[in-house]
Amino acid sequence: MRRLPVFFVLDCSESMVGENLKKMEDGLQAIVRTLRADPHALESVYLSVVAFAGIARTVVPLVEVCSFYPPKLPLGGGTNLGAALGALMAEIDKNVLRTTADRKGDWKPIVYLFTDGRPTDDPSAAIDEWNVQYARKATMVAVALGKSADLSVLCRLTEHVLVFEDSGEGDFRKFVNWVTASVVAQSRSVGEGAEAQAIPHLDESILSLVKEAPSTLADEACVTLVGRCQKTRKPYLIKYDRATQEVATRDFKVQVSRFDIAGCYPLDEEYFIWSDARATDIRINTSELVGTPGCPYCGNATAFAVCDCGKLMCINAPGNARCPWCEKTVAFAPGRSGEEGGFDVERGRG
Ligand SMILES: [Zn+2]
Ligand SMILES: [Zn+2]
């Protein structure tokens with residue numbers, strides 16, 4: 001039986017924290033459950049998962065559907081698409097069987113690349129390598145999750161670029177159903193001896209095909225900041241989502257953008273392994289950030305206290321506190337967080 005290799009290349013960068021990452025994990029589980037119930041898919045589909053953030057790694061090497069166990073996905077800082085493509089190409093070289101004179105190899109692999117951001121590395125060399133060496137031997141479907149994904153970079157990779165917008169109850173489930181249906185359709189067509197078709201019928205209520213890449217990038221949808229709990233020393237991630245506000249006077253109307261607090265989430269230390277080791281140099285002025293979360297570990301009133309070393313920690317009240325990053329004792333004066341004009345903090349790479 002010839003195999004139909006299916007690769008999921010998943011963006012696990014900071015902006016996916018919380019709900020989104022959980023949805024992706026649940027989505028994989030749902031896809032596998034359906035594939036196991038389909039006789040064609042069960043016979044031919046082999047699955048692999050490559051995760052990427054500041055680094056890229058294979059989290060599930062190519063296995064048959066019945067032995068596939070949905071992984072817990074990591075989270076890290078950065079969206080190193082070049083590294084992700086490198087890991088994918090290495091995985092294809094290692095695991096996909098080529099047709100030779102005395103053996104029929106695997107069917108043409110299908111790759112689903114999901115990303116919600118823009119690359120933080122330079123993926124040009126990897127994109128060129130993909131186009132020269134792999135594009136004809138594999139089908140890639142790139143799915144932009146939301147509006148801030150870099151569509152122009154995805155369009156350099158494949159003609160199948162889709163935008164998924166999760167705007168209502170049940171949309172993500174529909175999306176998962178579409179991905180599953182597309183894998184099942186392709187396993188059926190190879191089951192009938194034909195080469196797989198790239199993209200089956202699109203559910204246009206949630207997915208749109210990008211025909212031409214926009215010339216400008218959409219605004220970044222969120223801001224993420226990493227801190228540590230003063231008491232437990234464990235890391236957390238604060239996420240702000242972009243909100244646009246209309247400011248109108250009698251004479252004019254402008255749209256002002258600001259970032260509203262979305263949540264503060266506990267992180268594993270593994271986060272630092274999956275993050276780009278390059279120093280973060282992206283800074284944001286806190287006056288654009290609205291809302292201060294409490295510490296998710298110890299319940300301290302604010303997770304947004306900035307040490308002189310530039311890192312964030314939690315405090316409960318003004319006074320002295322020991323920084324879990326640099327070990328110095330810092331004095332927090334009342335009103336320091338929330339000063340007029342704000343102050344700068346380090347921002348995650350997304
Ligand atoms: Zn704390
Ligand atoms: Zn410090």
# chains A, B, ... in the order shown; residues from 1 in each chain; ligands from 1
>>> closest_atom_pairs(of="chain A", to="ligand 1", cutoff="7 Å", atoms="only C-alpha atoms and all ligand atoms", output="CSV")
residue,atom,partner,partner_atom_place_in_ligand_line,distance
A:Cys229,CA,ligand 1,1 (Zn),3.7
A:Gln230,CA,ligand 1,1 (Zn),5.2
A:Lys231,CA,ligand 1,1 (Zn),5.4
A:Thr232,CA,ligand 1,1 (Zn),6.4
A:Cys295,CA,ligand 1,1 (Zn),4.6
A:Pro296,CA,ligand 1,1 (Zn),6.6
A:Tyr297,CA,ligand 1,1 (Zn),5.0
A:Cys298,CA,ligand 1,1 (Zn),4.1
A:Gly299,CA,ligand 1,1 (Zn),6.0
A:Asn300,CA,ligand 1,1 (Zn),5.3
A:Ala303,CA,ligand 1,1 (Zn),6.9
A:Cys314,CA,ligand 1,1 (Zn),5.0
A:Ile315,CA,ligand 1,1 (Zn),6.9
>>> residues_near_ligand(ligand="ligand 2", cutoff="8 Å", atoms="only C-alpha atoms and all ligand atoms", output="MDAnalysis selection string")
chainID A and resid 306:312 322:330
>>> residues_around(residues="Ala41 (chain A)", least_positions_apart="4", cutoff="8 Å", atoms="only C-alpha atoms", output="JSON, numbers by chain")
{"A": [35, 36, 45, 65, 183, 184, 187, 188]}
>>> closest_residue(among="A:Leu151, A:Leu202, A:Ile261, A:Ile238", to="Thr216 (chain A)", atoms="only C-alpha atoms")
A:Leu151
>>> residues_around(residues="Thr79 (chain A)", least_positions_apart="4", cutoff="12 Å", atoms="only C-alpha atoms", output="ChimeraX atom specification")
/A:9-16,51-56,75,83-85,114-123,149-150,274-276,348-350
>>> residues_around(residues="Ala135 (chain A)", least_positions_apart="5", cutoff="9 Å", atoms="only C-alpha atoms", output="ChimeraX atom specification")
/A:129-130,140,157-158
>>> closest_residue(among="A:Asp26, A:Arg98, A:Leu209, A:Gly82", to="Val153 (chain A)", atoms="only C-alpha atoms")
A:Gly82
>>> closest_residue(among="A:Leu162, A:Val179, A:Val50, A:Met313", to="Arg233 (chain A)", atoms="only C-alpha atoms")
A:Met313
>>> residues_around(residues="region 163-177 of chain A", least_positions_apart="6", cutoff="12 Å", atoms="only C-alpha atoms", output="ChimeraX atom specification")
/A:19-20,22-35,112-116,141-151,154-155,183-185,201-211,213
>>> write_last_selection(atoms="N, CA and C atoms", output="compact mmCIF listing (two decimals), in the first residue's frame")
# COMPACT_ATOMS: atom_id res chain seq x y z
N GLU A 19 -6.10 30.27 24.42
CA GLU A 19 -7.18 29.71 23.60
C GLU A 19 -6.73 29.14 22.24
N ASN A 20 -5.92 29.93 21.49
CA ASN A 20 -5.56 29.53 20.13
C ASN A 20 -4.76 28.24 20.07
N LYS A 22 -4.67 25.90 22.35
CA LYS A 22 -5.57 24.83 22.79
C LYS A 22 -6.47 24.39 21.63
N LYS A 23 -6.96 25.37 20.87
CA LYS A 23 -7.81 25.05 19.72
C LYS A 23 -7.04 24.22 18.70
N MET A 24 -5.77 24.57 18.48
CA MET A 24 -4.98 23.85 17.51
C MET A 24 -4.75 22.41 17.98
N GLU A 25 -4.49 22.23 19.27
CA GLU A 25 -4.32 20.87 19.82
C GLU A 25 -5.62 20.06 19.67
N ASP A 26 -6.72 20.68 20.06
CA ASP A 26 -8.01 20.01 19.94
C ASP A 26 -8.34 19.72 18.48
N GLY A 27 -7.95 20.67 17.61
CA GLY A 27 -8.20 20.50 16.18
C GLY A 27 -7.50 19.27 15.63
N LEU A 28 -6.22 19.10 16.00
CA LEU A 28 -5.47 17.92 15.55
C LEU A 28 -6.14 16.64 16.02
N GLN A 29 -6.59 16.67 17.27
CA GLN A 29 -7.26 15.51 17.85
C GLN A 29 -8.52 15.15 17.04
N ALA A 30 -9.28 16.19 16.70
CA ALA A 30 -10.53 15.98 15.95
C ALA A 30 -10.23 15.44 14.55
N ILE A 31 -9.17 15.96 13.93
CA ILE A 31 -8.79 15.51 12.59
C ILE A 31 -8.45 14.02 12.62
N VAL A 32 -7.65 13.65 13.62
CA VAL A 32 -7.21 12.25 13.72
C VAL A 32 -8.39 11.31 13.99
N ARG A 33 -9.29 11.77 14.85
CA ARG A 33 -10.46 10.95 15.18
C ARG A 33 -11.25 10.62 13.90
N THR A 34 -11.46 11.64 13.07
CA THR A 34 -12.22 11.43 11.84
C THR A 34 -11.45 10.55 10.85
N LEU A 35 -10.15 10.78 10.74
CA LEU A 35 -9.35 10.00 9.79
C LEU A 35 -9.35 8.52 10.16
N TYR A 112 0.30 21.15 5.29
CA TYR A 112 -0.55 22.24 5.76
C TYR A 112 0.30 23.11 6.67
N LEU A 113 0.52 24.34 6.24
CA LEU A 113 1.31 25.28 7.03
C LEU A 113 0.34 26.29 7.64
N PHE A 114 0.31 26.35 8.97
CA PHE A 114 -0.57 27.30 9.65
C PHE A 114 0.27 28.36 10.35
N THR A 115 -0.02 29.63 10.07
CA THR A 115 0.71 30.69 10.78
C THR A 115 -0.18 31.89 11.01
N ASP A 116 0.08 32.60 12.09
CA ASP A 116 -0.74 33.79 12.37
C ASP A 116 0.10 35.06 12.38
N VAL A 141 -0.35 23.75 1.26
CA VAL A 141 -1.50 24.62 1.49
C VAL A 141 -1.12 25.49 2.68
N ALA A 142 -0.98 26.80 2.44
CA ALA A 142 -0.60 27.70 3.53
C ALA A 142 -1.86 28.39 4.04
N VAL A 143 -2.10 28.28 5.34
CA VAL A 143 -3.30 28.89 5.91
C VAL A 143 -2.90 30.00 6.87
N ALA A 144 -3.32 31.22 6.56
CA ALA A 144 -3.08 32.36 7.44
C ALA A 144 -4.19 32.37 8.48
N LEU A 145 -3.82 32.32 9.73
CA LEU A 145 -4.81 32.36 10.79
C LEU A 145 -4.99 33.82 11.19
N GLY A 146 -6.04 34.44 10.69
CA GLY A 146 -6.27 35.85 11.02
C GLY A 146 -5.58 36.79 10.06
N LYS A 147 -5.82 38.08 10.30
CA LYS A 147 -5.41 39.09 9.33
C LYS A 147 -3.95 39.52 9.42
N SER A 148 -3.25 39.23 10.54
CA SER A 148 -1.88 39.77 10.60
C SER A 148 -0.82 38.88 10.04
N ALA A 149 -1.20 37.71 9.52
CA ALA A 149 -0.19 36.85 8.90
C ALA A 149 0.38 37.55 7.66
N ASP A 150 1.63 37.28 7.37
CA ASP A 150 2.29 37.90 6.22
C ASP A 150 1.92 37.12 4.96
N LEU A 151 0.92 37.61 4.24
CA LEU A 151 0.43 36.89 3.07
C LEU A 151 1.42 36.91 1.91
N LEU A 154 3.78 34.05 2.24
CA LEU A 154 3.12 32.77 1.97
C LEU A 154 2.90 32.59 0.46
N CYS A 155 2.59 33.70 -0.22
CA CYS A 155 2.37 33.63 -1.66
C CYS A 155 3.66 33.32 -2.44
N VAL A 183 -8.15 16.20 3.63
CA VAL A 183 -7.26 15.03 3.73
C VAL A 183 -7.99 13.77 3.25
N VAL A 184 -9.24 13.62 3.69
CA VAL A 184 -10.01 12.43 3.31
C VAL A 184 -10.19 12.38 1.78
N ALA A 185 -10.53 13.54 1.18
CA ALA A 185 -10.74 13.59 -0.28
C ALA A 185 -9.47 13.16 -1.00
N HIS A 201 -13.18 21.66 -2.45
CA HIS A 201 -14.13 22.74 -2.27
C HIS A 201 -13.92 23.54 -0.97
N LEU A 202 -13.83 24.87 -1.11
CA LEU A 202 -13.61 25.72 0.06
C LEU A 202 -14.92 26.09 0.75
N ASP A 203 -14.88 26.08 2.06
CA ASP A 203 -16.03 26.58 2.81
C ASP A 203 -15.85 28.10 2.90
N GLU A 204 -16.54 28.82 2.01
CA GLU A 204 -16.26 30.25 1.89
C GLU A 204 -16.77 31.11 3.03
N SER A 205 -17.56 30.50 3.93
CA SER A 205 -18.00 31.32 5.06
C SER A 205 -16.84 31.55 6.03
N ILE A 206 -15.81 30.71 5.97
CA ILE A 206 -14.69 30.87 6.91
C ILE A 206 -13.33 30.99 6.23
N LEU A 207 -13.24 30.54 4.97
CA LEU A 207 -11.94 30.53 4.29
C LEU A 207 -12.01 31.31 3.00
N SER A 208 -10.94 32.07 2.70
CA SER A 208 -10.88 32.71 1.40
C SER A 208 -9.52 32.45 0.78
N LEU A 209 -9.53 32.30 -0.53
CA LEU A 209 -8.30 32.04 -1.27
C LEU A 209 -7.65 33.38 -1.62
N VAL A 210 -6.36 33.50 -1.35
CA VAL A 210 -5.65 34.73 -1.66
C VAL A 210 -5.13 34.63 -3.08
N LYS A 211 -5.62 35.50 -3.95
CA LYS A 211 -5.18 35.41 -5.35
C LYS A 211 -3.96 36.27 -5.60
N ALA A 213 -1.05 38.78 -3.43
CA ALA A 213 -0.59 39.23 -2.12
C ALA A 213 -0.75 40.74 -1.99
>>> closest_residue(among="A:Ala305, A:Ala87, A:Ala262, A:Val190", to="Arg242 (chain A)", atoms="only C-alpha atoms")
A:Ala262
>>> select_by_dssp(residues="region 77-287 of chain A", states="alpha helix (DSSP H)", output="PyMOL selection string")
chain A and resi 81-95+124-129+151-155+171-191+270-273
>>> select_by_dssp(residues="region 34-181 of chain A", states="strand (DSSP E)", output="ChimeraX atom specification")
/A:45-52,56-64,110-115,139-145,161-164
>>> closest_residue(among="A:Ile110, A:Ser215, A:Ser124, A:Ser257", to="Arg136 (chain A)", atoms="only C-alpha atoms")
A:Ile110
>>> residues_around(residues="Lys137 (chain A)", least_positions_apart="3", cutoff="9 Å", atoms="only C-alpha atoms", output="PDB file with N, CA and C atoms, in the first residue's frame")
ATOM      1  N   LYS A 108       2.421  11.868  -3.479  1.00  0.00           N
ATOM      2  CA  LYS A 108       2.929  13.232  -3.277  1.00  0.00           C
ATOM      3  C   LYS A 108       2.469  13.764  -1.921  1.00  0.00           C
ATOM      4  N   PRO A 109       3.398  14.150  -1.072  1.00  0.00           N
ATOM      5  CA  PRO A 109       3.013  14.614   0.274  1.00  0.00           C
ATOM      6  C   PRO A 109       2.192  15.912   0.228  1.00  0.00           C
ATOM      7  N   GLN A 133      13.542  22.731  -5.144  1.00  0.00           N
ATOM      8  CA  GLN A 133      13.691  21.297  -4.885  1.00  0.00           C
ATOM      9  C   GLN A 133      12.402  20.553  -4.514  1.00  0.00           C
ATOM     10  N   TYR A 134      11.447  21.250  -3.898  1.00  0.00           N
ATOM     11  CA  TYR A 134      10.322  20.522  -3.297  1.00  0.00           C
ATOM     12  C   TYR A 134       8.945  20.861  -3.857  1.00  0.00           C
TER      13      TYR A 134
END
>>> closest_residue(among="A:Leu289, A:Gln255, A:Phe304, A:Asp38", to="Ala181 (chain A)", atoms="only C-alpha atoms")
A:Asp38
>>> atom_distance(atom1="CA of Phe272 (chain A)", atom2="CA of Lys239 (chain A)")
16.8 Å
